[in-house]
file target-v7.cif (mmCIF, C-alpha atoms)
data_entry
#
loop_
_atom_site.label_atom_id
_atom_site.label_comp_id
_atom_site.auth_asym_id
_atom_site.auth_seq_id
_atom_site.Cartn_x
_atom_site.Cartn_y
_atom_site.Cartn_z
CA MET A 1 50.85 44.35 174.28
CA GLY A 2 47.63 44.55 176.27
CA GLN A 3 46.29 41.99 178.73
CA THR A 4 43.85 40.43 176.26
CA GLU A 5 46.53 40.07 173.59
CA THR A 6 48.71 37.96 175.90
CA PHE A 7 45.95 35.51 176.77
CA ALA A 8 46.90 32.81 174.24
CA ALA A 9 50.37 32.60 175.78
CA GLU A 10 48.91 32.51 179.30
CA MET A 11 46.48 29.77 178.31
CA THR A 12 49.24 27.71 176.72
CA ALA A 13 51.37 28.02 179.85
CA ALA A 14 48.43 26.98 182.02
CA LEU A 15 47.86 23.90 179.85
CA GLN A 16 51.52 22.98 180.06
CA ALA A 17 51.43 23.26 183.86
CA ALA A 18 48.07 21.52 184.33
CA GLN A 19 47.97 18.47 186.55
CA GLY A 20 46.88 15.13 185.19
CA PRO A 21 44.29 12.76 186.64
CA SER A 22 44.62 11.33 190.14
CA ALA A 23 46.55 8.07 190.05
CA ALA A 24 45.23 7.19 193.52
CA ALA A 25 41.60 7.70 192.51
CA GLN A 26 42.18 5.72 189.34
CA ALA A 27 43.65 2.81 191.29
CA GLU A 28 40.84 2.88 193.85
CA ALA A 29 38.17 3.08 191.15
CA SER A 30 39.76 0.18 189.29
CA ALA A 31 39.88 -1.88 192.47
CA ARG A 32 36.22 -1.09 193.14
CA ASN A 33 35.30 -2.10 189.59
CA ASP A 34 36.95 -5.47 190.16
CA VAL A 35 34.63 -6.39 193.05
CA LEU A 36 31.27 -5.14 191.76
CA THR A 37 28.49 -7.68 191.26
CA LYS A 38 29.13 -8.52 187.63
CA PRO A 39 31.48 -10.72 185.65
CA PRO A 40 34.80 -9.01 184.84
CA GLY A 41 34.40 -6.69 181.87
CA ALA A 42 30.66 -7.37 181.57
CA LEU A 43 29.83 -3.65 181.34
CA GLY A 44 32.32 -3.22 178.51
CA ARG A 45 33.41 0.31 177.81
CA LEU A 46 31.25 1.68 180.64
CA GLU A 47 33.83 0.34 183.08
CA GLU A 48 36.66 2.17 181.34
CA LEU A 49 34.62 5.38 181.24
CA ALA A 50 33.80 5.24 184.93
CA ILE A 51 37.41 4.74 185.94
CA TRP A 52 38.51 7.55 183.59
CA TYR A 53 35.95 9.94 185.02
CA ALA A 54 36.81 8.99 188.61
CA SER A 55 40.50 9.68 187.99
CA TRP A 56 39.79 13.20 186.70
CA ARG A 57 37.47 14.01 189.59
CA GLY A 58 39.84 12.59 192.19
CA ASN A 59 37.07 10.43 193.61
CA ALA A 60 36.89 6.65 193.32
CA CYS A 61 33.11 6.68 193.72
CA PRO A 62 31.99 9.83 191.88
CA GLU A 63 28.63 11.23 190.78
CA ILE A 64 27.75 13.63 187.97
CA LYS A 65 25.74 16.38 189.61
CA ALA A 66 26.60 19.59 187.75
CA PRO A 67 27.10 19.17 183.99
CA GLN A 68 27.43 22.33 181.91
CA VAL A 69 26.63 22.92 178.24
CA ILE A 70 27.98 26.07 176.58
CA ILE A 71 27.02 27.13 173.05
CA PHE A 72 29.32 29.65 171.38
CA ALA A 73 28.10 31.60 168.36
CA GLY A 74 30.12 33.48 165.75
CA ASN A 75 29.81 34.68 162.17
CA HIS A 76 32.26 34.08 159.33
CA GLY A 77 33.26 36.45 156.55
CA VAL A 78 34.10 33.52 154.29
CA VAL A 79 30.37 32.98 153.63
CA ALA A 80 30.82 35.67 150.98
CA GLN A 81 32.47 32.91 148.92
CA GLY A 82 29.20 30.98 148.65
CA ILE A 83 30.17 28.08 150.87
CA SER A 84 26.93 27.80 152.86
CA ALA A 85 23.37 26.91 151.99
CA PHE A 86 22.15 29.38 154.62
CA PRO A 87 22.76 33.13 155.09
CA PRO A 88 24.67 34.46 158.12
CA GLU A 89 21.44 35.93 159.56
CA VAL A 90 20.54 32.39 160.61
CA THR A 91 23.24 32.51 163.30
CA VAL A 92 21.44 35.37 165.07
CA GLN A 93 18.08 33.67 164.63
CA MET A 94 19.34 30.40 166.09
CA VAL A 95 20.89 32.18 169.07
CA ALA A 96 17.42 33.57 169.78
CA ASN A 97 16.07 30.03 169.50
CA PHE A 98 18.65 28.77 172.02
CA GLU A 99 17.77 31.57 174.39
CA GLY A 100 14.08 30.73 173.95
CA GLU A 101 14.83 27.07 174.77
CA GLY A 102 13.50 25.92 171.41
CA ALA A 103 16.49 24.06 169.97
CA ALA A 104 17.47 20.40 170.19
CA ILE A 105 20.36 21.21 172.50
CA ASN A 106 18.00 22.85 174.98
CA GLN A 107 15.98 19.65 175.24
CA LEU A 108 19.04 17.45 175.70
CA ALA A 109 20.60 19.76 178.28
CA LYS A 110 17.32 19.82 180.19
CA LEU A 111 17.02 16.04 179.97
CA HIS A 112 20.37 15.58 181.72
CA GLY A 113 20.00 18.41 184.21
CA ALA A 114 22.77 20.45 182.62
CA GLU A 115 23.29 24.15 183.15
CA MET A 116 23.23 25.77 179.70
CA ALA A 117 24.81 29.03 178.62
CA VAL A 118 24.79 30.77 175.24
CA VAL A 119 27.73 33.05 174.42
CA SER A 120 27.46 35.26 171.33
CA LEU A 121 30.74 36.59 169.97
CA GLU A 122 30.33 39.83 168.04
CA LEU A 123 27.75 38.48 165.60
CA ASP A 124 27.48 41.92 164.00
CA ARG A 125 31.21 41.81 163.18
CA PRO A 126 32.03 38.60 161.28
CA THR A 127 35.58 37.37 161.00
CA ALA A 128 37.39 38.46 157.84
CA ASP A 129 37.09 36.42 154.65
CA PHE A 130 40.11 34.16 155.10
CA THR A 131 40.59 33.73 151.37
CA GLN A 132 41.82 37.33 151.44
CA GLY A 133 43.92 37.21 154.61
CA PRO A 134 43.70 36.10 158.27
CA ALA A 135 40.23 35.55 159.73
CA MET A 136 41.22 37.30 162.95
CA ASP A 137 43.91 39.57 164.25
CA ALA A 138 45.69 38.75 167.51
CA ALA A 139 43.31 40.81 169.64
CA ASP A 140 40.24 39.08 168.18
CA LEU A 141 41.72 35.63 168.67
CA ASN A 142 42.71 36.27 172.24
CA ALA A 143 39.40 37.87 173.13
CA ALA A 144 37.58 34.78 171.82
CA LEU A 145 39.87 32.38 173.69
CA LYS A 146 39.33 34.36 176.87
CA ALA A 147 35.55 34.42 176.39
CA GLY A 148 35.57 30.64 176.21
CA TRP A 149 37.84 30.30 179.22
CA GLU A 150 35.64 32.58 181.34
CA ALA A 151 32.38 30.90 180.30
CA VAL A 152 33.26 27.68 182.14
CA ASN A 153 31.69 27.27 185.56
CA PRO A 154 34.59 26.04 187.72
CA GLU A 155 32.08 24.18 189.91
CA SER A 156 30.80 22.06 187.03
CA ASP A 157 31.78 18.39 186.92
CA LEU A 158 31.31 17.74 183.19
CA LEU A 159 31.50 20.04 180.16
CA VAL A 160 29.99 19.99 176.69
CA VAL A 161 30.81 22.79 174.26
CA GLY A 162 28.79 23.38 171.13
CA GLU A 163 28.57 26.01 168.43
CA MET A 164 26.45 27.97 166.03
CA GLY A 165 27.96 29.81 163.09
CA ILE A 166 26.96 29.74 159.44
CA GLY A 167 30.10 28.84 157.49
CA ASN A 168 31.92 27.16 160.34
CA THR A 169 32.26 23.72 158.72
CA THR A 170 34.46 25.50 156.17
CA ALA A 171 36.60 26.96 158.95
CA ALA A 172 36.78 23.56 160.66
CA ALA A 173 37.86 21.89 157.42
CA ALA A 174 40.55 24.51 156.87
CA ILE A 175 41.86 23.93 160.40
CA ALA A 176 41.91 20.17 159.86
CA LEU A 177 43.74 20.50 156.55
CA ALA A 178 46.32 22.84 158.09
CA LEU A 179 46.92 20.62 161.13
CA PHE A 180 46.70 17.15 159.61
CA GLY A 181 47.59 17.63 155.94
CA GLY A 182 46.18 15.82 152.94
CA GLU A 183 44.05 17.47 150.28
CA ALA A 184 41.24 19.96 150.73
CA VAL A 185 38.69 17.46 149.39
CA ASP A 186 39.59 15.09 152.24
CA TRP A 187 38.13 17.47 154.79
CA VAL A 188 35.06 19.01 153.18
CA GLY A 189 31.46 17.88 153.49
CA ARG A 190 27.97 19.12 152.82
CA GLY A 191 27.69 21.09 156.04
CA THR A 192 24.14 22.44 156.25
CA GLY A 193 23.16 20.97 152.88
CA LEU A 194 25.46 21.90 149.99
CA ASP A 195 25.12 20.16 146.64
CA ASP A 196 28.09 18.65 144.79
CA ALA A 197 29.03 21.97 143.21
CA GLY A 198 28.91 23.63 146.61
CA VAL A 199 31.19 21.00 148.12
CA ALA A 200 33.68 21.48 145.28
CA ARG A 201 33.54 25.23 145.81
CA LYS A 202 34.20 24.76 149.52
CA ALA A 203 37.31 22.67 148.75
CA GLU A 204 38.62 25.40 146.46
CA VAL A 205 38.03 28.04 149.14
CA ILE A 206 39.88 26.01 151.78
CA ALA A 207 42.86 25.35 149.51
CA LYS A 208 43.05 29.05 148.66
CA ALA A 209 42.82 30.05 152.33
CA LEU A 210 45.86 27.99 153.26
CA GLN A 211 47.80 29.20 150.25
CA VAL A 212 47.05 32.85 151.09
CA ASN A 213 47.72 32.58 154.83
CA ALA A 214 50.28 29.73 155.14
CA PRO A 215 49.83 29.60 158.93
CA GLN A 216 52.62 28.11 161.03
CA GLY A 217 51.73 26.55 164.38
CA PRO A 218 48.35 25.65 165.90
CA MET A 219 47.48 29.09 167.26
CA GLU A 220 48.28 30.73 163.94
CA VAL A 221 46.09 28.15 162.21
CA LEU A 222 43.24 29.05 164.55
CA ARG A 223 43.79 32.78 164.02
CA CYS A 224 44.12 32.63 160.25
CA VAL A 225 41.38 30.17 159.26
CA GLY A 226 39.29 29.66 162.39
CA GLY A 227 36.42 31.58 163.87
CA ARG A 228 35.53 33.26 167.12
CA GLU A 229 33.23 30.44 168.26
CA ILE A 230 35.87 27.82 167.43
CA ALA A 231 38.50 29.75 169.40
CA ALA A 232 36.06 30.11 172.30
CA MET A 233 35.46 26.35 172.33
CA ALA A 234 39.21 25.83 172.52
CA GLY A 235 39.44 28.28 175.40
CA ALA A 236 36.65 26.53 177.29
CA MET A 237 38.16 23.08 176.80
CA ALA A 238 41.53 24.39 177.97
CA ARG A 239 39.95 25.83 181.13
CA ALA A 240 38.29 22.49 181.79
CA ARG A 241 41.65 20.73 181.44
CA VAL A 242 43.23 23.07 183.97
CA LYS A 243 40.31 22.61 186.41
CA GLY A 244 40.14 18.83 185.98
CA ILE A 245 36.65 18.93 184.48
CA PRO A 246 36.00 16.06 182.05
CA VAL A 247 34.77 17.05 178.58
CA ILE A 248 32.58 15.24 176.06
CA LEU A 249 33.55 16.30 172.55
CA ASP A 250 30.87 17.00 169.97
CA GLY A 251 31.18 16.86 166.20
CA PHE A 252 33.51 18.04 163.46
CA ILE A 253 33.62 21.70 164.42
CA CYS A 254 34.14 21.05 168.12
CA CYS A 255 36.86 18.52 167.30
CA SER A 256 38.63 21.03 165.05
CA ALA A 257 38.89 23.32 168.08
CA ALA A 258 40.09 20.39 170.18
CA ALA A 259 42.68 19.55 167.51
CA VAL A 260 44.29 22.95 168.00
CA LEU A 261 44.82 22.15 171.69
CA ASP A 262 46.02 18.65 170.85
CA ARG A 263 48.72 20.05 168.59
CA LEU A 264 49.51 22.88 171.00
CA VAL A 265 50.31 20.90 174.16
CA GLU A 266 50.84 17.16 174.52
CA GLY A 267 48.09 15.60 176.63
CA ALA A 268 45.82 18.61 176.34
CA LEU A 269 42.85 16.37 175.48
CA ASP A 270 43.41 13.65 178.07
CA HIS A 271 40.31 14.93 179.90
CA CYS A 272 38.13 14.48 176.79
CA VAL A 273 36.08 11.64 175.35
CA ALA A 274 34.37 11.73 171.97
CA GLY A 275 30.61 11.82 172.39
CA HIS A 276 29.76 10.65 168.89
CA GLN A 277 30.85 10.38 165.29
CA SER A 278 28.77 12.66 163.12
CA ALA A 279 27.59 12.26 159.56
CA GLU A 280 30.09 14.91 158.45
CA ALA A 281 32.53 12.66 156.58
CA ALA A 282 35.73 14.24 157.88
CA HIS A 283 34.74 13.93 161.53
CA GLY A 284 35.84 10.31 161.65
CA ARG A 285 39.23 11.28 160.24
CA VAL A 286 39.69 13.92 162.92
CA LEU A 287 38.71 11.48 165.67
CA THR A 288 41.25 8.99 164.34
CA ALA A 289 43.93 11.69 164.30
CA LEU A 290 43.05 12.59 167.89
CA GLY A 291 42.98 8.95 169.01
CA LYS A 292 39.38 9.23 170.24
CA GLU A 293 36.82 6.44 169.88
CA PRO A 294 33.26 7.78 169.74
CA LEU A 295 30.65 6.64 172.23
CA LEU A 296 27.78 6.94 169.74
CA SER A 297 27.29 6.89 165.97
CA LEU A 298 23.75 7.93 165.09
CA GLY A 299 24.17 9.88 161.87
CA LEU A 300 23.81 13.24 163.62
CA ARG A 301 25.01 16.38 161.86
CA LEU A 302 23.22 19.17 163.73
CA GLY A 303 26.05 20.67 165.75
CA GLU A 304 25.00 22.73 168.77
CA GLY A 305 26.77 20.22 171.02
CA SER A 306 23.80 17.90 170.51
CA GLY A 307 25.70 14.64 170.00
CA ALA A 308 27.92 15.28 173.00
CA ALA A 309 24.91 16.24 175.14
CA LEU A 310 23.17 13.02 174.17
CA ALA A 311 26.28 11.12 175.28
CA ILE A 312 26.00 12.63 178.78
CA GLY A 313 23.49 9.84 179.37
CA VAL A 314 26.07 7.20 178.50
CA LEU A 315 28.60 8.65 180.92
CA LYS A 316 25.97 9.08 183.61
CA GLY A 317 25.05 5.43 183.13
CA ALA A 318 28.67 4.37 183.51
CA ILE A 319 29.06 6.39 186.72
CA ALA A 320 25.72 5.25 188.14
CA CYS A 321 26.68 1.61 187.73
CA HIS A 322 30.19 2.11 189.07
CA SER A 323 29.25 4.16 192.12
CA GLY A 324 25.87 2.61 192.88
CA MET A 325 26.38 -1.10 192.40
CA ALA A 326 27.08 -3.31 195.38
CA SER A 327 30.25 -5.30 195.76
CA PHE A 328 30.09 -9.08 196.01
CA ALA A 329 30.76 -8.81 199.74
CA GLU A 330 28.09 -6.12 200.28
CA ALA A 331 25.48 -8.09 198.36
CA GLY A 332 26.35 -11.44 199.88
CA VAL A 333 26.96 -12.88 196.43
CA SER A 334 29.67 -15.44 195.83
CA ASP A 335 32.36 -14.15 193.49
CA GLY A 336 33.38 -17.63 192.51
#

call {"tool": "encode", "arguments": {"input": "target-v7.cif", "output": "structure tokens"}}
result
Amino acid sequence: MGQTETFAAEMTAALQAAQGPSAAAQAEASARNDVLTKPPGALGRLEELAIWYASWRGNACPEIKAPQVIIFAGNHGVVAQGISAFPPEVTVQMVANFEGEGAAINQLAKLHGAEMAVVSLELDRPTADFTQGPAMDAADLNAALKAGWEAVNPESDLLVVGEMGIGNTTAAAAIALALFGGEAVDWVGRGTGLDDAGVARKAEVIAKALQVNAPQGPMEVLRCVGGREIAAMAGAMARARVKGIPVILDGFICCSAAAVLDRLVEGALDHCVAGHQSAEAAHGRVLTALGKEPLLSLGLRLGEGSGAALAIGVLKGAIACHSGMASFAEAGVSDG
């Protein structure tokens, strides 16, 4: 077995060995929060977010200086089953738009001073149609995981991963069904604009995919009914966990990748917060299964990491207040 083909096992071992947040930094950040010039709990969830972020950065008074946004792009053979309102050529066209800084995610990344990278994953070689067999073989899966892992800048202090891939809401729904159970109709939505007949067709395709492949275990689920960009997102989030880089999760597709890690290693998503709840109906179900409460709910359904990138502002606000506010003693204000 070659080096690339062993990467999933290496990644799993690294996740299992990864250190958790700093208890000392968490205690110091909590103590600082208690003496800031505000009534206790007055900043609501921002206080919790600031302490969480401080614990992962090992710094009781942190700043966000180097956020990173990575967009992974992949094509899906299952589009041959008529499950998308757009052709696969749109993936290539949107990658060009990202690279030309013309997409929504470019504007949001720029707004928050985030480094942005676009990683295309063999767009001229779509995954196999998973209604006929596995989407990827072991080499393809491991190469995609490794691409995601290597795309993370280890010097970044916050990560958002997004995606582009016509057909990938179908792959995400198949992953969710395989990991969480239920019926296919529980996990399907309109994606990029399907009508009722298209949604019904998507449910049939997902049910057939799981019947044909019957994957056992999270990595086999990802290999059999996932996609290269979804695997790459999982690889990137795993690298962030190992490096202690906090992650803001995006929508349904991103959370399907995160769900693989969640089911693979206990605590694998402790470094993640949910940026938003999208308009894709099943996203809320996935967030509930992952135990993640979204920061925003604005009816977004664009993908690209856009909802998570928007939420960078919320986290930056939490950190700015926590690290920049004066204490009662510093401000000469009576604390009662």

call {"tool": "closest_residue", "arguments": {"input": "target-v7.cif", "among": "A:Gln216, A:Asn97, A:Asn142, A:Gln132", "to": "A:Met164", "atoms": "only C-alpha atoms"}}
result
A:Asn97

call {"tool": "atom_distance", "arguments": {"input": "target-v7.cif", "atom1": "atom CA of A:Gly148", "atom2": "atom CA of A:Met233"}}
result
5.8 Å

call {"tool": "closest_residue", "arguments": {"input": "target-v7.cif", "among": "A:Ile71, A:Ile83, A:Ile175, A:Val119", "to": "A:Ala203", "atoms": "all atoms listed in the file"}}
result
A:Ile83

call {"tool": "residues_around", "arguments": {"input": "target-v7.cif", "residues": "A:Gly217", "least_positions_apart": "4", "cutoff": "9 Å", "atoms": "only C-alpha atoms", "output": "PyMOL selection string"}}
result
chain A and resi 179+221-222+263-264

call {"tool": "closest_residue", "arguments": {"input": "target-v7.cif", "among": "A:Val225, A:Val188, A:Ala173, A:Glu99", "to": "A:Asp129", "atoms": "all atoms listed in the file"}}
result
A:Val225

call {"tool": "residues_near_point", "arguments": {"input": "target-v7.cif", "point": "(30.9, 26.2, 185.6)", "cutoff": "10 Å", "atoms": "only C-alpha atoms", "output": "ChimeraX atom specification"}}
result
/A:66-70,115-117,150-159,240,245

call {"tool": "atom_distance", "arguments": {"input": "target-v7.cif", "atom1": "atom CA of A:Thr131", "atom2": "atom CA of A:Lys208"}}
result
5.9 Å

call {"tool": "atom_distance", "arguments": {"input": "target-v7.cif", "atom1": "atom CA of A:Thr170", "atom2": "atom CA of A:Val199"}}
result
9.8 Å

call {"tool": "resolve_selection", "arguments": {"input": "target-v7.cif", "expression": "the PyMOL selection byres ((chain A and resi 275) around 7)", "output": "ChimeraX atom specification"}}
result
/A:248-250,273-274,276,294-296,307-308,311

call {"tool": "write_last_selection", "arguments": {"input": "target-v7.cif", "atoms": "C-alpha atoms", "output": "CSV table (one decimal), keeping the file's coordinate frame"}}
result
chain,number,residue,atom,x,y,z
A,248,ILE,CA,32.6,15.2,176.1
A,249,LEU,CA,33.6,16.3,172.6
A,250,ASP,CA,30.9,17.0,170.0
A,273,VAL,CA,36.1,11.6,175.4
A,274,ALA,CA,34.4,11.7,172.0
A,276,HIS,CA,29.8,10.6,168.9
A,294,PRO,CA,33.3,7.8,169.7
A,295,LEU,CA,30.6,6.6,172.2
A,296,LEU,CA,27.8,6.9,169.7
A,307,GLY,CA,25.7,14.6,170.0
A,308,ALA,CA,27.9,15.3,173.0
A,311,ALA,CA,26.3,11.1,175.3

call {"tool": "residues_around", "arguments": {"input": "target-v7.cif", "residues": "A:Ser306", "least_positions_apart": "6", "cutoff": "10 Å", "atoms": "only C-alpha atoms", "output": "list of chain:residue names"}}
result
A:Val69, A:Ala103, A:Ala104, A:Ile105, A:Asn106, A:Gln107, A:Leu108, A:Ala109, A:Val160, A:Val161, A:Gly162, A:Glu163, A:Asp250, A:Gly251, A:Gly275, A:His276, A:Leu300

call {"tool": "write_last_selection", "arguments": {"input": "target-v7.cif", "atoms": "C-alpha atoms", "output": "tab-separated table (two decimals), in the coordinates of the input"}}
result
chain	number	residue	atom	x	y	z
A	69	VAL	CA	26.63	22.92	178.24
A	103	ALA	CA	16.49	24.06	169.97
A	104	ALA	CA	17.47	20.40	170.19
A	105	ILE	CA	20.36	21.21	172.50
A	106	ASN	CA	18.00	22.85	174.98
A	107	GLN	CA	15.98	19.65	175.24
A	108	LEU	CA	19.04	17.45	175.70
A	109	ALA	CA	20.60	19.76	178.28
A	160	VAL	CA	29.99	19.99	176.69
A	161	VAL	CA	30.81	22.79	174.26
A	162	GLY	CA	28.79	23.38	171.13
A	163	GLU	CA	28.57	26.01	168.43
A	250	ASP	CA	30.87	17.00	169.97
A	251	GLY	CA	31.18	16.86	166.20
A	275	GLY	CA	30.61	11.82	172.39
A	276	HIS	CA	29.76	10.65	168.89
A	300	LEU	CA	23.81	13.24	163.62

call {"tool": "residues_around", "arguments": {"input": "target-v7.cif", "residues": "A:Ala279", "least_positions_apart": "3", "cutoff": "10 Å", "atoms": "all atoms listed in the file", "output": "compact mmCIF listing (two decimals) with C-alpha atoms, keeping the file's coordinate frame"}}
result
# COMPACT_ATOMS: atom_id res chain seq x y z
CA GLY A 189 31.46 17.88 153.49
CA ARG A 190 27.97 19.12 152.82
CA GLY A 191 27.69 21.09 156.04
CA GLY A 251 31.18 16.86 166.20
CA PHE A 252 33.51 18.04 163.46
CA HIS A 276 29.76 10.65 168.89
CA ALA A 282 35.73 14.24 157.88
CA HIS A 283 34.74 13.93 161.53
CA GLY A 284 35.84 10.31 161.65
CA SER A 297 27.29 6.89 165.97
CA LEU A 298 23.75 7.93 165.09
CA GLY A 299 24.17 9.88 161.87
CA LEU A 300 23.81 13.24 163.62
CA ARG A 301 25.01 16.38 161.86
CA LEU A 302 23.22 19.17 163.73

call {"tool": "closest_residue", "arguments": {"input": "target-v7.cif", "among": "A:Gly317, A:Gly267, A:Gly77, A:Gly291", "to": "A:Gln16", "atoms": "all atoms listed in the file"}}
result
A:Gly267

call {"tool": "closest_residue", "arguments": {"input": "target-v7.cif", "among": "A:Gly305, A:Gly44, A:Phe130, A:Asp262", "to": "A:Ser278", "atoms": "all atoms listed in the file"}}
result
A:Gly305

call {"tool": "residues_around", "arguments": {"input": "target-v7.cif", "residues": "A:Ala329", "least_positions_apart": "2", "cutoff": "12 Å", "atoms": "all atoms listed in the file", "output": "number ranges by chain"}}
result
A: 32, 34-37, 325-327, 331-336

call {"tool": "closest_residue", "arguments": {"input": "target-v7.cif", "among": "A:Ala200, A:Ala24, A:Leu261, A:Ala42", "to": "A:Ala232", "atoms": "all atoms listed in the file"}}
result
A:Leu261

call {"tool": "resolve_selection", "arguments": {"input": "target-v7.cif", "expression": "the PyMOL selection byres ((chain A and resi 92) around 12)", "output": "compact mmCIF listing (two decimals) with C-alpha atoms, in the frame of the given file"}}
result
# COMPACT_ATOMS: atom_id res chain seq x y z
CA PHE A 72 29.32 29.65 171.38
CA ALA A 73 28.10 31.60 168.36
CA GLY A 74 30.12 33.48 165.75
CA ASN A 75 29.81 34.68 162.17
CA PRO A 87 22.76 33.13 155.09
CA PRO A 88 24.67 34.46 158.12
CA GLU A 89 21.44 35.93 159.56
CA VAL A 90 20.54 32.39 160.61
CA THR A 91 23.24 32.51 163.30
CA GLN A 93 18.08 33.67 164.63
CA MET A 94 19.34 30.40 166.09
CA VAL A 95 20.89 32.18 169.07
CA ALA A 96 17.42 33.57 169.78
CA ASN A 97 16.07 30.03 169.50
CA PHE A 98 18.65 28.77 172.02
CA GLU A 99 17.77 31.57 174.39
CA VAL A 118 24.79 30.77 175.24
CA VAL A 119 27.73 33.05 174.42
CA SER A 120 27.46 35.26 171.33
CA LEU A 121 30.74 36.59 169.97
CA GLU A 122 30.33 39.83 168.04
CA LEU A 123 27.75 38.48 165.60
CA ASP A 124 27.48 41.92 164.00
CA ARG A 125 31.21 41.81 163.18
CA PRO A 126 32.03 38.60 161.28
CA MET A 164 26.45 27.97 166.03
CA GLY A 165 27.96 29.81 163.09
CA ILE A 166 26.96 29.74 159.44

call {"tool": "resolve_selection", "arguments": {"input": "target-v7.cif", "expression": "the PyMOL selection byres ((chain A and resi 320) around 10)", "output": "compact mmCIF listing (two decimals) with C-alpha atoms, in the coordinates of the input"}}
result
# COMPACT_ATOMS: atom_id res chain seq x y z
CA LEU A 46 31.25 1.68 180.64
CA ALA A 50 33.80 5.24 184.93
CA CYS A 61 33.11 6.68 193.72
CA PRO A 62 31.99 9.83 191.88
CA GLU A 63 28.63 11.23 190.78
CA ILE A 64 27.75 13.63 187.97
CA VAL A 314 26.07 7.20 178.50
CA LEU A 315 28.60 8.65 180.92
CA LYS A 316 25.97 9.08 183.61
CA GLY A 317 25.05 5.43 183.13
CA ALA A 318 28.67 4.37 183.51
CA ILE A 319 29.06 6.39 186.72
CA CYS A 321 26.68 1.61 187.73
CA HIS A 322 30.19 2.11 189.07
CA SER A 323 29.25 4.16 192.12
CA GLY A 324 25.87 2.61 192.88
CA MET A 325 26.38 -1.10 192.40

call {"tool": "residues_around", "arguments": {"input": "target-v7.cif", "residues": "A:Ala171", "least_positions_apart": "3", "cutoff": "7 Å", "atoms": "all atoms listed in the file", "output": "ChimeraX atom specification"}}
result
/A:167-168,174-175,225-227

call {"tool": "axis_aligned_box", "arguments": {"input": "target-v7.cif", "around": "stretch 221-231 of chain A", "padding_each_side": "8 Å", "output": "JSON"}}
result
{"center_x": 39.7, "center_y": 30.5, "center_z": 164.3, "size_x": 28.9, "size_y": 21.4, "size_z": 26.1}

call {"tool": "closest_atom_pairs", "arguments": {"input": "target-v7.cif", "of": "stretch 220-257 of chain A", "to": "stretch 6-12 of chain A", "cutoff": "10 Å", "atoms": "all atoms listed in the file", "output": "CSV"}}
result
residue,atom,partner,partner_atom,distance
A:Gly235,CA,A:Met11,CA,7.8
A:Ala238,CA,A:Met11,CA,7.3
A:Arg239,CA,A:Met11,CA,8.1
A:Val242,CA,A:Met11,CA,9.4

call {"tool": "write_last_selection", "arguments": {"input": "target-v7.cif", "atoms": "C-alpha atoms", "output": "short mmCIF file (atom, residue, chain, number, x, y, z; two decimals), in the coordinates of the input"}}
result
data_model
loop_
_atom_site.label_atom_id
_atom_site.label_comp_id
_atom_site.auth_asym_id
_atom_site.auth_seq_id
_atom_site.Cartn_x
_atom_site.Cartn_y
_atom_site.Cartn_z
CA GLY A 235 39.44 28.28 175.40
CA ALA A 238 41.53 24.39 177.97
CA ARG A 239 39.95 25.83 181.13
CA VAL A 242 43.23 23.07 183.97
#
